[in-house]
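Asks: Structure provided below as structure tokens; questions to follow.
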Amino acid sequence: MVERVDAAVRQRKEFNYKDIWLSKSGVHAYNQCPFRFYHQVVLGTPFVKSIEMFQGNIAHDLIFEVYDNIDREKIDSSSDLRREYWDFFAKRLDDIRKEDAQLGNNLGILLNKFITVEEQRWGMRNLKYPNRFWPKKKEMFLEDDEIKYYGTLDRLDKWRKGKYILLDYKTGKYREYNLSKMRNEMFGYKHLVEANGIVKGEVTHWGQIFLGGVDTAIQPQVISEPFKSATEKAFYKKLEKTRKGIKFRFFPKKHTPLCDWCSYVKECMLEAEDKWKEPE
Ligand code: SF4
């Protein structure tokens, strides 16, 4: 199995009850199942990374590396773009396939879909400002001491003077029922970008690019919309409520169909059901 090269920017903060730092995945994990959060984040109990997570992490790394490893001057059409991107990916995939052929093939499908999305974007780029095609920022670790929140944004693009869009890559499929979670996560990035003064202007939109997994019959899908004020209120409220639950050490089990994929089933079965008391 190929060892995943952990990008230095994909950082984690050590958990402590004095300063409860949260990321989008921490907030999500707590709200999905506080007991799982307790093991994953508070205790740091090792968990089994699914094949999809593993593949997704490598695909992310390669997607961001490509921008620094191509000759942008050589790209004048979408077929140039495909050739330049693929030249870089093919070399990396050859190395991966030598150790794990299946992983290499799956990554090949995901990266091919990524190139398709980029080709479409190339066709629609603003010809007056061709450089806006390229990411303004990519894979950037950000934190805000004020609200004790951190995260690594995938990509930030300028789309108009003083206006920016935040983009996130997902290797899986788009699921409509996750829309409010997506809005909440993306608002967290907007907060971090603006709190850190990363751009002169406003982050007005967000987008998520779903590659649709390794099934070649599923086309990539792009979801995008402007940020809404209701999301802003919901984000800060959820963050406060999550932190309060953790502060009071409230980690009950939340049984859902997702339990079938949980890495902490063993710990969960050994734990008394009524151990945790809800905060006043
Ligand atoms: S098995 Fe279900 S209830 Fe138990 S920790 Fe995992 S997600 Fe929570």
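If you're wondering about the labels, chains in the structure tokens are A, B, ... by order shown, residues count from 1 in each chain, ligands from 1 in order shown.
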Distance limit 7 Å, reference ligand 1, atoms considered: only C-alpha atoms and all ligand atoms. Which residues make the cut? Give them as a list in words.

Replies: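 Here is the list of contacting residues: Cys33, Pro34, Phe35, Arg36, Lys253, Lys254, His255, Thr256, Leu258, Cys259, Asp260, Cys262, Ser263, Tyr264, Val265 and Cys268 of chain A.
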
Asks: Within region 27-274 of chain A, find each residue whose DSSP state, derived from the backbone, is helix (DSSP H, G or I), and express the selection as a PyMOL selection string.

Replies: chain A and resi 27-32+34-43+51-66+72-74+78-99+101-123+130-133+176-195+229-247+257-261+265-270

Asks: Give me the residues within 9 Å of Thr231 (chain A) as a PyMOL selection string, counting only C-alpha atoms and dropping any in the same chain fewer than 4 places off.

Replies: chain A and resi 180+183-184+187+227+235-236

Asks: Go through A:Lys113, A:Lys18, A:Arg249, A:His60 and flag the residue nearest Lys138 (chain A), using only C-alpha atoms for the distances.

Replies: A:His60

Asks: Would you mind listing, for every residue of region 23-110 of chain A within 10 Å of region 154-175 of chain A, the two atoms forming the shortest contact and the distance between them in Å to one decimal, using only C-alpha atoms, sorted by chain and ascending residue number, as CSV?

Replies:
```
residue,atom,partner,partner_atom,distance
A:Glu52,CA,A:Gly172,CA,8.2
A:Met53,CA,A:Thr171,CA,8.9
A:Gln55,CA,A:Thr171,CA,8.4
A:Gly56,CA,A:Thr171,CA,5.7
A:Asn57,CA,A:Thr171,CA,9.0
A:Ala59,CA,A:Thr171,CA,7.8
A:His60,CA,A:Tyr169,CA,7.4
A:Ile63,CA,A:Tyr169,CA,9.1
A:Phe64,CA,A:Asp154,CA,8.3
A:Leu107,CA,A:Thr171,CA,9.8
A:Leu110,CA,A:Thr171,CA,7.0
```

Asks: Could you turn the residues from that selection into a file that holds C-alpha atoms, as a PDB file, in the first residue's frame?

Replies:
```
ATOM      1  CA  GLU A  52     -12.361   6.488  -0.118  1.00  0.00           C
ATOM      2  CA  MET A  53     -10.818   8.848   2.468  1.00  0.00           C
ATOM      3  CA  GLN A  55      -7.895   8.040  -2.131  1.00  0.00           C
ATOM      4  CA  GLY A  56      -9.541  11.400  -1.593  1.00  0.00           C
ATOM      5  CA  ASN A  57      -6.565  12.740   0.372  1.00  0.00           C
ATOM      6  CA  ALA A  59      -6.336  13.133  -5.083  1.00  0.00           C
ATOM      7  CA  HIS A  60      -6.505  16.449  -3.184  1.00  0.00           C
ATOM      8  CA  ILE A  63      -4.893  18.433  -7.610  1.00  0.00           C
ATOM      9  CA  PHE A  64      -3.111  21.189  -5.713  1.00  0.00           C
ATOM     10  CA  LEU A 107      -6.918   8.044  -8.801  1.00  0.00           C
ATOM     11  CA  LEU A 110     -10.792  10.942 -10.236  1.00  0.00           C
TER      12      LEU A 110
END
```

Asks: Rank nothing, just name the residue among A:Glu14, A:Glu84, A:Asp19, A:Glu65 nearest to Ile147 (chain A), using only C-alpha atoms.

Replies: A:Asp19

Asks: Quick check, in Å to one decimal: how far apart do CA of Asp95 (chain A) and CA of Arg82 (chain A) lie?

Replies: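 These two atoms are separated by 20.0 Å.
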
Asks: Record the distance separating CA of Gly44 (chain A) and CA of Lys237 (chain A), expressed in Å with one decimal.

Replies: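 Calculated distance between CA of Gly44 (chain A) and CA of Lys237 (chain A) is 25.9 Å.
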
Asks: Using Å and a single decimal, report how far CA of Pro46 (chain A) sits from CA of Gly188 (chain A).

Replies: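 Taking CA of Gly188 (chain A) and CA of Pro46 (chain A), their separation equals 26.3 Å.
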
Asks: Between A:Lys241, A:Arg121, A:Lys181, A:Lys233, which has the minimum distance to Ser25 (chain A) (counting only C-alpha atoms)?

Replies: A:Lys181

Asks: For region 133-248 of chain A against region 66-76 of chain A, with a cut-off of 12 Å and counting only C-alpha atoms, what is the closest atom pair and its distance in Å to one decimal for every residue that makes the cut, ordered by chain and number, as a Markdown table?

Replies:
```
| residue | atom | partner | partner_atom | distance |
| --- | --- | --- | --- | --- |
| A:Phe133 | CA | A:Arg72 | CA | 10.7 |
| A:Trp134 | CA | A:Tyr67 | CA | 7.9 |
| A:Pro135 | CA | A:Tyr67 | CA | 8.3 |
| A:Lys136 | CA | A:Tyr67 | CA | 11.0 |
| A:Lys137 | CA | A:Tyr67 | CA | 10.8 |
| A:Lys138 | CA | A:Tyr67 | CA | 9.3 |
| A:Glu139 | CA | A:Tyr67 | CA | 11.4 |
| A:Arg155 | CA | A:Tyr67 | CA | 11.5 |
```

Asks: Give the answer as one residue: which of A:Phe89, A:Phe15, A:Phe141, A:Tyr38 has the shortest atom-to-atom distance to Phe251 (chain A), using only C-alpha atoms?

Replies: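 For Phe251 (chain A), the nearest of the candidates is A:Tyr38.
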